[in-house]
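Colleague: Below is one structure. I have some questions about it.
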Amino acid sequence: MKINTYVRKNYPDFIDLYIRTSSYPHLFLNAWARHCEETGIGCTEDQIEALIEKAEDEGEIEEGDIFVGEWYDIPKSRNNPRRQDDFIQTAFDEIEKDGTEGSFTRYVANNFYGENTPQKRKAVAQKIKSDYEKWVRKGKKGRAPFTLTTYRRANFYLNIQKN
């Protein structure tokens with residue numbers, strides 16, 4: 001299958017899965033590999049890079065969030081050592097370790113002054129969500145106050161804070 005055809009057919013699923021795992025971009029490729037295996041679509045390094053490039057061009061993924069690295073022709077096997085059925089729990093466990101954080105936490109630390117506390121992150125997430133939704137209600141006129149990816153990360157952060 002040509003890369004353009006592959007991207008056109010699989011881009012919506014790629015973005016949907018990225019959004020669901022966007023707080024843990026380092027685990028996203030494992031999730032995508034599992035999706036490819038389960039649906040039988042396969043994925044090569046070139047195909048993944050083409051999907052990432054399109055997502056970056058459209059502002060769905062911030063440049064540099066996903067590094068393909070050594071990913072290539074991911075084996076279609078239940079014994080795949082890269083496969084993680086509990087990738088979300090693994091992500092939460094990793095966040096609990098010192099020196100690790102989610103992408104939204106990094107975003108707040110890099111873009112807002114002051115101490116990076118859960119209360120501050122929640123307030124920033126609420127502001128991002130409010131400003132972005134206000135921009136949408138006004139007909140998306142002018143430049144978006146935040147990227148769609150940042151809005152989705154903020155929304156995800158608010159959702160996980162409910163539990």
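Every chain in the structure tokens takes a letter, A first, then B, and so on in the order presented; its residues are numbered from 1, and the ligands are numbered from 1 following the presented order.
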Using only C-alpha atoms, determine which residues lie at most 10 Å from Ala125 (chain A), disregarding the query and same-chain residues fewer than 2 positions distant; provide the list as a tab-separated table (two decimals) with N, CA and C atoms, in the first residue's frame.
Modeller:
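The resulting file, around31.tsv, is reproduced below:
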```tsv
chain	number	residue	atom	x	y	z
A	104	PHE	N	1.17	17.44	29.79
A	104	PHE	CA	0.50	18.66	30.23
A	104	PHE	C	1.26	19.32	31.37
A	108	VAL	N	2.74	23.15	31.32
A	108	VAL	CA	2.50	24.18	32.33
A	108	VAL	C	3.83	24.69	32.88
A	119	GLN	N	-2.94	22.27	41.84
A	119	GLN	CA	-3.95	23.33	41.80
A	119	GLN	C	-3.70	24.29	40.64
A	120	LYS	N	-2.43	24.62	40.42
A	120	LYS	CA	-2.09	25.53	39.32
A	120	LYS	C	-2.38	24.85	37.99
A	121	ARG	N	-2.00	23.58	37.85
A	121	ARG	CA	-2.28	22.86	36.60
A	121	ARG	C	-3.77	22.80	36.33
A	122	LYS	N	-4.56	22.59	37.37
A	122	LYS	CA	-6.02	22.55	37.19
A	122	LYS	C	-6.54	23.91	36.74
A	123	ALA	N	-6.05	24.97	37.36
A	123	ALA	CA	-6.47	26.32	36.97
A	123	ALA	C	-6.06	26.63	35.52
A	127	LYS	N	-8.52	27.34	32.30
A	127	LYS	CA	-8.37	28.53	31.45
A	127	LYS	C	-8.22	28.13	29.98
A	128	ILE	N	-7.38	27.13	29.72
A	128	ILE	CA	-7.17	26.67	28.35
A	128	ILE	C	-8.50	26.20	27.76
A	129	LYS	N	-9.20	25.38	28.52
A	129	LYS	CA	-10.48	24.84	28.05
A	129	LYS	C	-11.48	25.96	27.79
A	130	SER	N	-11.59	26.89	28.73
A	130	SER	CA	-12.52	27.99	28.59
A	130	SER	C	-12.18	28.88	27.39
A	131	ASP	N	-10.92	29.29	27.28
A	131	ASP	CA	-10.50	30.17	26.18
A	131	ASP	C	-10.69	29.49	24.82
A	150	THR	N	-3.07	20.97	22.84
A	150	THR	CA	-3.00	21.53	24.19
A	150	THR	C	-4.40	21.53	24.82
A	151	TYR	N	-5.41	21.89	24.06
A	151	TYR	CA	-6.79	21.86	24.56
A	151	TYR	C	-7.17	20.45	24.99
A	152	ARG	N	-6.84	19.47	24.15
A	152	ARG	CA	-7.18	18.08	24.48
A	152	ARG	C	-6.41	17.59	25.70
A	153	ARG	N	-5.17	17.98	25.82
A	153	ARG	CA	-4.39	17.59	27.00
A	153	ARG	C	-4.98	18.22	28.27
A	154	ALA	N	-5.39	19.48	28.17
A	154	ALA	CA	-5.99	20.15	29.32
A	154	ALA	C	-7.29	19.44	29.70
A	155	ASN	N	-8.09	19.11	28.72
A	155	ASN	CA	-9.35	18.42	28.97
A	155	ASN	C	-9.09	17.06	29.61
A	156	PHE	N	-8.10	16.34	29.10
A	156	PHE	CA	-7.73	15.04	29.67
A	156	PHE	C	-7.29	15.23	31.12
A	157	TYR	N	-6.48	16.25	31.37
A	157	TYR	CA	-6.00	16.51	32.73
A	157	TYR	C	-7.19	16.76	33.66
A	158	LEU	N	-8.14	17.56	33.22
A	158	LEU	CA	-9.31	17.83	34.06
A	158	LEU	C	-10.11	16.55	34.30
```
Colleague: Write out, as JSON lines, each residue of region 99-155 of chain A that has an atom at most 8 Å from region 50-60 of chain A, together with the closest pair of atoms and their distance in Å to one decimal, counting only C-alpha atoms, rows going by chain and rising number.
Modeller:
```
{"residue": "A:Thr147", "atom": "CA", "partner": "A:Gly59", "partner_atom": "CA", "distance": 6.7}
{"residue": "A:Leu148", "atom": "CA", "partner": "A:Glu60", "partner_atom": "CA", "distance": 6.2}
{"residue": "A:Thr149", "atom": "CA", "partner": "A:Glu60", "partner_atom": "CA", "distance": 5.3}
```
Colleague: Might you pull out every residue within 12 Å of Phe14 (chain A), with only C-alpha atoms counted and same-chain residues fewer than 4 positions away left off, and present them as a PyMOL selection string?
Modeller: chain A and resi 6-10+18-22+28-29+31-36+41+43+47-55+60-61
Colleague: Store the residues picked out above in a file with C-alpha atoms, as an mmCIF file, in the first residue's frame.
Modeller:
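Written file, part.cif:
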```cif
data_model
loop_
_atom_site.group_PDB
_atom_site.id
_atom_site.type_symbol
_atom_site.label_atom_id
_atom_site.label_comp_id
_atom_site.auth_asym_id
_atom_site.auth_seq_id
_atom_site.Cartn_x
_atom_site.Cartn_y
_atom_site.Cartn_z
ATOM 1 C CA TYR A 6 -2.024 4.364 4.262
ATOM 2 C CA VAL A 7 -2.015 7.838 5.839
ATOM 3 C CA ARG A 8 -5.417 8.755 4.374
ATOM 4 C CA LYS A 9 -7.005 5.504 5.608
ATOM 5 C CA ASN A 10 -5.414 5.373 9.063
ATOM 6 C CA TYR A 18 -2.852 9.746 20.164
ATOM 7 C CA ILE A 19 -5.437 11.903 21.919
ATOM 8 C CA ARG A 20 -6.330 9.048 24.260
ATOM 9 C CA THR A 21 -2.644 8.557 25.144
ATOM 10 C CA SER A 22 -1.405 12.135 24.665
ATOM 11 C CA PHE A 28 1.913 5.997 22.189
ATOM 12 C CA LEU A 29 3.913 3.883 19.739
ATOM 13 C CA ALA A 31 -0.465 1.566 21.694
ATOM 14 C CA TRP A 32 -0.289 2.178 17.928
ATOM 15 C CA ALA A 33 1.604 -1.101 17.415
ATOM 16 C CA ARG A 34 -1.100 -2.940 19.344
ATOM 17 C CA HIS A 35 -3.815 -1.221 17.284
ATOM 18 C CA CYS A 36 -2.045 -2.160 14.045
ATOM 19 C CA ILE A 41 -3.168 -3.002 9.097
ATOM 20 C CA CYS A 43 2.871 -0.439 10.168
ATOM 21 C CA GLN A 47 4.221 4.808 7.512
ATOM 22 C CA ILE A 48 4.479 5.922 11.143
ATOM 23 C CA GLU A 49 6.730 8.835 10.192
ATOM 24 C CA ALA A 50 4.253 9.895 7.482
ATOM 25 C CA LEU A 51 1.383 9.832 9.994
ATOM 26 C CA ILE A 52 3.418 11.857 12.505
ATOM 27 C CA GLU A 53 4.424 14.385 9.844
ATOM 28 C CA LYS A 54 0.790 14.920 8.798
ATOM 29 C CA ALA A 55 -0.260 15.282 12.454
ATOM 30 C CA GLU A 60 -2.533 17.760 16.200
ATOM 31 C CA ILE A 61 0.888 16.769 17.545
#
```
Colleague: Calculate how many Å separate CA of Ile15 (chain A) from CA of Arg106 (chain A), rounding to one decimal.
Modeller: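 Computing it gives 20.7 Å between the two atoms.
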Colleague: Provide the CA of Ile160 (chain A) to CA of Ala144 (chain A) distance in Å, to one decimal place.
Modeller: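 Separating CA of Ile160 (chain A) from CA of Ala144 (chain A) is a distance of 24.5 Å.
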